[in-house]
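To start, the structure under review is shown below, and the notes come after it.
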Amino acid sequence: MKTLLKTTTLAWLAVAGTVPAEVVFPPRLPGGKEFVSHTSEDFLKAPETIRKDVAVAETAPTIDFMFYPGQDYPGKPWSVWGDGVAMDGKYYSAIGDHLAPQGTGLVFEYDPATHGMRELVDVKKLLAMPDGHYVPGKVHSRVDMGADGWLYFATHRGSTRTTTDEFHYQGDWILRCDPKSGNAEVVARGPVPKHCIPCSVLDPERLIFYGGTAPGSEELGGDIHFFAYDIRAGKVLYSGPGGPARAMVFAKSTGRVYFTPGKEEGGPLMRYDPEAGGEPVAIEGMIGIRAATEETPDGFVYTVSSGQRGEAILYSFNTKTEEVENLGPAAVGTQNYITSIDADPTGRFLYYIPGAHGGSEKDGSAVVQFEVKTGKKKVIAFPHPFFEEKYGSTLKGTFSSALDPAGDKLYVTWNNSRSGKVWDSCVLTVIHIPERERE
């Protein structure tokens, strides 16, 4: 059955033209190199689309570039959908083949000291589901690290047509792995029955996994759910409708979680307090949350609205007073959609890349540094078209970026195209931010 599914999928991809014939798997760099590093003034060449009030860095960064391993066959496509994390000198991220009904997600550890990429989890192998049973094709949640040193994440479908009874669908999984030992295991299956889990954030100290779900199929109906799962106790603390679609605010100082219900932004701001328990409660304030930073030392979390239906807006959220401030537009060119945002260790700078779902290349795949106090936007690198001209890779947006705790390296997992038309593979870049650009 597995062979038949894979053969059928490859044949369908070839007929549909999703993966052009000239694209080879696995993707490789010239000369069999595992990675390359470049420092070039071309990284500072702004395309005409960049707005006149946006600054450009004076010192070019060094950028490390490599393909993710494991992309040994055409996906539909190989792609990144969930945000990663930089901890203990490593970067943890996930990619998936997007295939259905039996796909796979892969979780990796990257060590910048050795430029080594290590596969930690193959979701398909870990779950070992019988032939004909649903296997998730994506990790759409965050990859977060708990105080116990384990990584926590959740799975998501490759197609809405396969999260059904026909494929024995019961619900998606919360999973975890220990980077030190390489062990991986299931935390829970279907914490919200017959729902996928595209959205999450972890309370690392309390080990509470917070999720936003999606009904497995339209036939099920129902609403996005918000749930809180106690990992130590192995039980759901709360589950109910009106949950977040893609991102939440986590206040590390208080343990509280905040979100806006459903897919539309600007709705009531909800708060869940694990100390109080019970249902989430509405509080004052209007905010967009397509992505959020971790809490800064001075008690702020910064968010950005998605920009899919208008202008992406940056916000600050005071975790002590629960006050919201509109910091203004995030765009630097034509692109607005932003799905990952990171704060530096001091809370002075934010980093993000507009054009997440394709289109970033229209603005040079601009990597933006935003200074919170002044509102100044500065592009620290335009990786496109340099890597297209050098290696035939068009960086078309990201759903995963993470700033090293030292504030000197920005890790970015890109959806990449080697055909000029569609995504086909995932690329990791490590952008070494010059000290001068952080002064």
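The chains in the structure tokens are called A, B, ... from first to last as shown; in each chain the residues are counted from 1, and the ligands are counted from 1 in the order shown.
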Exercise. Could you pull the residues within 8 Å of region 313-326 of chain A, counting only C-alpha atoms, minus those fewer than 6 positions along the same chain, as a VMD selection string?
Worked result: chain A and resid 251 253 to 254 285 to 288 299 to 307
Exercise. Just how far from CA of Phe226 (chain A) is CA of Pro261 (chain A), in Å to one decimal?
Worked result: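 That distance, rounded to one decimal, is 8.7 Å.
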Problem set entry | Residues within 8 Å of region 170-173 of chain A, only C-alpha atoms, excluding chain neighbours under 6 positions, as a ChimeraX atom specification | /A:136,154-156,163,186-197,216
Restricting the output to N, CA, C and O atoms, write the selected residues as a PDB file, in the first residue's frame.
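Result saved to out00.pdb:
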ATOM      1  N   PRO A 136       0.319  12.471   9.274  1.00  0.00           N
ATOM      2  CA  PRO A 136       0.405  13.908   8.978  1.00  0.00           C
ATOM      3  C   PRO A 136       1.562  14.262   8.067  1.00  0.00           C
ATOM      4  O   PRO A 136       2.650  13.689   8.161  1.00  0.00           O
ATOM      5  N   ALA A 154       3.526  19.763  17.364  1.00  0.00           N
ATOM      6  CA  ALA A 154       2.295  19.055  17.000  1.00  0.00           C
ATOM      7  C   ALA A 154       2.211  18.898  15.494  1.00  0.00           C
ATOM      8  O   ALA A 154       2.931  19.560  14.734  1.00  0.00           O
ATOM      9  N   THR A 155       1.321  18.020  15.052  1.00  0.00           N
ATOM     10  CA  THR A 155       1.218  17.685  13.629  1.00  0.00           C
ATOM     11  C   THR A 155      -0.032  18.283  12.984  1.00  0.00           C
ATOM     12  O   THR A 155      -0.976  18.697  13.655  1.00  0.00           O
ATOM     13  N   HIS A 156      -0.005  18.286  11.643  1.00  0.00           N
ATOM     14  CA  HIS A 156      -1.087  18.889  10.857  1.00  0.00           C
ATOM     15  C   HIS A 156      -1.192  18.145   9.530  1.00  0.00           C
ATOM     16  O   HIS A 156      -0.241  17.531   9.057  1.00  0.00           O
ATOM     17  N   THR A 163      -8.249  13.813   6.353  1.00  0.00           N
ATOM     18  CA  THR A 163      -8.489  13.770   7.804  1.00  0.00           C
ATOM     19  C   THR A 163      -9.954  13.378   8.026  1.00  0.00           C
ATOM     20  O   THR A 163     -10.767  14.148   8.540  1.00  0.00           O
ATOM     21  N   VAL A 186       5.277   9.885  21.605  1.00  0.00           N
ATOM     22  CA  VAL A 186       3.971  10.536  21.540  1.00  0.00           C
ATOM     23  C   VAL A 186       3.608  11.054  22.922  1.00  0.00           C
ATOM     24  O   VAL A 186       3.696  10.337  23.914  1.00  0.00           O
ATOM     25  N   VAL A 187       3.191  12.320  22.985  1.00  0.00           N
ATOM     26  CA  VAL A 187       2.661  12.899  24.223  1.00  0.00           C
ATOM     27  C   VAL A 187       1.166  12.649  24.309  1.00  0.00           C
ATOM     28  O   VAL A 187       0.649  12.215  25.336  1.00  0.00           O
ATOM     29  N   ALA A 188       0.458  12.915  23.204  1.00  0.00           N
ATOM     30  CA  ALA A 188      -0.995  12.707  23.184  1.00  0.00           C
ATOM     31  C   ALA A 188      -1.468  12.619  21.743  1.00  0.00           C
ATOM     32  O   ALA A 188      -0.903  13.254  20.848  1.00  0.00           O
ATOM     33  N   ARG A 189      -2.501  11.826  21.527  1.00  0.00           N
ATOM     34  CA  ARG A 189      -3.144  11.762  20.221  1.00  0.00           C
ATOM     35  C   ARG A 189      -4.554  12.313  20.344  1.00  0.00           C
ATOM     36  O   ARG A 189      -5.320  11.902  21.214  1.00  0.00           O
ATOM     37  N   GLY A 190      -4.871  13.268  19.483  1.00  0.00           N
ATOM     38  CA  GLY A 190      -6.214  13.824  19.466  1.00  0.00           C
ATOM     39  C   GLY A 190      -6.647  14.471  20.765  1.00  0.00           C
ATOM     40  O   GLY A 190      -7.699  14.136  21.289  1.00  0.00           O
ATOM     41  N   PRO A 191      -5.859  15.426  21.317  1.00  0.00           N
ATOM     42  CA  PRO A 191      -6.323  16.121  22.520  1.00  0.00           C
ATOM     43  C   PRO A 191      -7.671  16.797  22.297  1.00  0.00           C
ATOM     44  O   PRO A 191      -8.465  16.919  23.226  1.00  0.00           O
ATOM     45  N   VAL A 192      -7.913  17.235  21.059  1.00  0.00           N
ATOM     46  CA  VAL A 192      -9.259  17.618  20.619  1.00  0.00           C
ATOM     47  C   VAL A 192      -9.619  16.617  19.533  1.00  0.00           C
ATOM     48  O   VAL A 192      -9.041  16.642  18.449  1.00  0.00           O
ATOM     49  N   PRO A 193     -10.521  15.681  19.810  1.00  0.00           N
ATOM     50  CA  PRO A 193     -10.791  14.591  18.873  1.00  0.00           C
ATOM     51  C   PRO A 193     -11.135  15.078  17.470  1.00  0.00           C
ATOM     52  O   PRO A 193     -11.892  16.027  17.285  1.00  0.00           O
ATOM     53  N   LYS A 194     -10.500  14.427  16.474  1.00  0.00           N
ATOM     54  CA  LYS A 194     -10.721  14.676  15.052  1.00  0.00           C
ATOM     55  C   LYS A 194     -10.410  16.116  14.639  1.00  0.00           C
ATOM     56  O   LYS A 194     -10.980  16.643  13.690  1.00  0.00           O
ATOM     57  N   HIS A 195      -9.488  16.728  15.366  1.00  0.00           N
ATOM     58  CA  HIS A 195      -8.994  18.060  15.015  1.00  0.00           C
ATOM     59  C   HIS A 195      -7.493  17.995  14.746  1.00  0.00           C
ATOM     60  O   HIS A 195      -6.761  17.259  15.402  1.00  0.00           O
ATOM     61  N   CYS A 196      -7.042  18.801  13.764  1.00  0.00           N
ATOM     62  CA  CYS A 196      -5.625  19.009  13.509  1.00  0.00           C
ATOM     63  C   CYS A 196      -5.107  20.100  14.453  1.00  0.00           C
ATOM     64  O   CYS A 196      -5.890  20.826  15.058  1.00  0.00           O
ATOM     65  N   ILE A 197      -3.779  20.242  14.522  1.00  0.00           N
ATOM     66  CA  ILE A 197      -3.190  21.206  15.457  1.00  0.00           C
ATOM     67  C   ILE A 197      -2.178  22.089  14.714  1.00  0.00           C
ATOM     68  O   ILE A 197      -0.963  21.849  14.765  1.00  0.00           O
ATOM     69  N   GLY A 216     -10.962  18.421  11.368  1.00  0.00           N
ATOM     70  CA  GLY A 216     -10.322  17.577  10.379  1.00  0.00           C
ATOM     71  C   GLY A 216     -10.897  17.715   8.988  1.00  0.00           C
ATOM     72  O   GLY A 216     -10.176  17.672   8.001  1.00  0.00           O
TER      73      GLY A 216
END
Problem set entry | Contacts of region 84-90 of chain A at 6 Å (only C-alpha atoms; same-chain gap of 6+ positions) as a VMD selection string | chain A and resid 110 to 111 143 400 402 404
For this session: Go through A:Val379, A:Ala406, A:Leu395, A:Leu269 and flag the residue nearest Val422 (chain A), using only C-alpha atoms for the distances.
Result: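 For Val422 (chain A), the nearest of the candidates is A:Leu395.
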Exercise. Hey, what does DSSP flag as strand (DSSP E) within region 48-168 of chain A? Can you give it to me as a ChimeraX atom specification?
Worked result: /A:55-56,62-67,85-87,90-96,105-111,116-122,144-145,151-154
Exercise. Looking at A:Thr374, A:Gln369, A:Ser340, A:Ser217, which one is nearest to Leu327 (chain A), with distances taken over only C-alpha atoms?
Worked result: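 Selected residue with least distance to Leu327 (chain A): A:Thr374.
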Exercise. CA of Val80 (chain A) and CA of Ile353 (chain A) are how many Å apart?
Worked result: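 If I compute the distance from CA of Val80 (chain A) to CA of Ile353 (chain A), I get 14.2 Å.
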Exercise. Residues at most 6 Å from Gly355 (chain A), counting only C-alpha atoms, excluding those fewer than 2 positions away in the same chain, as an NGL selection string?
Worked result: :A and (335-337 or 357-360 or 397)
Pull N, CA and C atoms from the residues just selected and write them as a short mmCIF file (atom, residue, chain, number, x, y, z; two decimals), in the first residue's frame.
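What follows is the written file part-v5.cif:
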data_model
loop_
_atom_site.label_atom_id
_atom_site.label_comp_id
_atom_site.auth_asym_id
_atom_site.auth_seq_id
_atom_site.Cartn_x
_atom_site.Cartn_y
_atom_site.Cartn_z
N GLN A 335 5.34 43.51 -0.03
CA GLN A 335 4.86 42.33 0.69
C GLN A 335 4.47 42.66 2.13
N ASN A 336 3.40 41.97 2.61
CA ASN A 336 2.89 42.21 3.95
C ASN A 336 2.85 40.97 4.84
N TYR A 337 2.57 39.82 4.27
CA TYR A 337 2.30 38.63 5.09
C TYR A 337 3.54 38.20 5.86
N HIS A 357 4.19 33.50 2.38
CA HIS A 357 3.57 32.44 1.58
C HIS A 357 3.92 32.59 0.11
N GLY A 358 5.12 33.04 -0.16
CA GLY A 358 5.54 33.31 -1.53
C GLY A 358 5.42 34.80 -1.82
N GLY A 359 6.41 35.34 -2.48
CA GLY A 359 6.39 36.76 -2.81
C GLY A 359 7.51 37.55 -2.17
N SER A 360 8.19 36.97 -1.19
CA SER A 360 9.27 37.72 -0.53
C SER A 360 10.33 38.15 -1.53
N GLY A 397 10.02 33.00 0.82
CA GLY A 397 9.29 33.27 2.05
C GLY A 397 9.57 32.23 3.11
#
Problem set entry | Shell around Thr59 (chain A) at 10 Å using only C-alpha atoms, local window under 5 positions removed, as a list in words |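 Close residues of Thr59 (chain A): Thr39, Ser40, Glu41, Phe43, Leu44, Ile380, Ala381, Ile433, Pro434, Glu435, Arg436 and Glu437 of chain A.
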For this session: Among the residues of region 39-199 of chain A, find those DSSP assigns to helix (DSSP H, G or I) from the backbone and print them as a VMD selection string.
Result: chain A and resid 41 to 44 123 to 127 165 to 167
For this session: Please indicate the distance in Å from CA of Asp424 (chain A) to CA of Gly75 (chain A), rounded to one decimal place.
Result: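 If I compute the distance from CA of Asp424 (chain A) to CA of Gly75 (chain A), I get 7.0 Å.
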For region 273-275 of chain A, work out the shell of residues within 9 Å, counting only C-alpha atoms and skipping chain neighbours fewer than 5 positions away, then give it as a PDB file with N, CA, C and O atoms, in the first residue's frame.
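In the end it all went to result.pdb:
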ATOM      1  N   ILE A 208       2.933  23.111  30.034  1.00  0.00           N
ATOM      2  CA  ILE A 208       1.575  23.116  29.486  1.00  0.00           C
ATOM      3  C   ILE A 208       1.680  23.430  28.007  1.00  0.00           C
ATOM      4  O   ILE A 208       2.299  24.427  27.616  1.00  0.00           O
ATOM      5  N   ALA A 228      -5.621  23.498  26.411  1.00  0.00           N
ATOM      6  CA  ALA A 228      -4.438  23.504  27.268  1.00  0.00           C
ATOM      7  C   ALA A 228      -4.212  22.078  27.737  1.00  0.00           C
ATOM      8  O   ALA A 228      -5.108  21.471  28.329  1.00  0.00           O
ATOM      9  N   LEU A 237      -6.465  20.254  30.310  1.00  0.00           N
ATOM     10  CA  LEU A 237      -6.949  21.149  31.357  1.00  0.00           C
ATOM     11  C   LEU A 237      -8.178  21.921  30.905  1.00  0.00           C
ATOM     12  O   LEU A 237      -9.074  22.206  31.701  1.00  0.00           O
ATOM     13  N   THR A 254       4.136  35.508  33.748  1.00  0.00           N
ATOM     14  CA  THR A 254       2.877  35.219  34.458  1.00  0.00           C
ATOM     15  C   THR A 254       2.308  33.844  34.135  1.00  0.00           C
ATOM     16  O   THR A 254       1.453  33.340  34.870  1.00  0.00           O
ATOM     17  N   GLY A 255       2.745  33.240  33.023  1.00  0.00           N
ATOM     18  CA  GLY A 255       2.183  31.967  32.583  1.00  0.00           C
ATOM     19  C   GLY A 255       0.886  32.119  31.826  1.00  0.00           C
ATOM     20  O   GLY A 255       0.285  31.127  31.402  1.00  0.00           O
ATOM     21  N   ARG A 256       0.449  33.350  31.618  1.00  0.00           N
ATOM     22  CA  ARG A 256      -0.814  33.580  30.914  1.00  0.00           C
ATOM     23  C   ARG A 256      -0.633  33.491  29.397  1.00  0.00           C
ATOM     24  O   ARG A 256       0.435  33.798  28.865  1.00  0.00           O
ATOM     25  N   VAL A 257      -1.712  33.098  28.730  1.00  0.00           N
ATOM     26  CA  VAL A 257      -1.729  33.001  27.274  1.00  0.00           C
ATOM     27  C   VAL A 257      -2.839  33.901  26.750  1.00  0.00           C
ATOM     28  O   VAL A 257      -3.928  33.970  27.338  1.00  0.00           O
ATOM     29  N   TYR A 258      -2.561  34.573  25.625  1.00  0.00           N
ATOM     30  CA  TYR A 258      -3.519  35.497  25.027  1.00  0.00           C
ATOM     31  C   TYR A 258      -3.696  35.144  23.555  1.00  0.00           C
ATOM     32  O   TYR A 258      -2.747  34.751  22.874  1.00  0.00           O
ATOM     33  N   PRO A 280     -11.255  30.736  28.977  1.00  0.00           N
ATOM     34  CA  PRO A 280     -10.593  32.004  28.670  1.00  0.00           C
ATOM     35  C   PRO A 280     -11.584  33.158  28.841  1.00  0.00           C
ATOM     36  O   PRO A 280     -12.788  32.993  28.604  1.00  0.00           O
ATOM     37  N   VAL A 281     -11.075  34.311  29.239  1.00  0.00           N
ATOM     38  CA  VAL A 281     -11.938  35.475  29.454  1.00  0.00           C
ATOM     39  C   VAL A 281     -11.510  36.602  28.521  1.00  0.00           C
ATOM     40  O   VAL A 281     -10.330  36.736  28.179  1.00  0.00           O
TER      41      VAL A 281
END
Exercise. Taking into account only C-alpha atoms, which residue in the set A:Arg206, A:Ser417, A:Ile63, A:Trp78 is nearest to Pro112 (chain A)?
Worked result: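 Of A:Arg206, A:Ser417, A:Ile63, A:Trp78, the one nearest Pro112 (chain A), counting only C-alpha atoms, is A:Ile63.
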Problem set entry | Top pick for closest residue to Thr339 (chain A), considering A:Gly82, A:Gly31, A:Gly146, A:Pro69 and counting only C-alpha atoms |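 That would be A:Gly82, the residue with the smallest distance to Thr339 (chain A).
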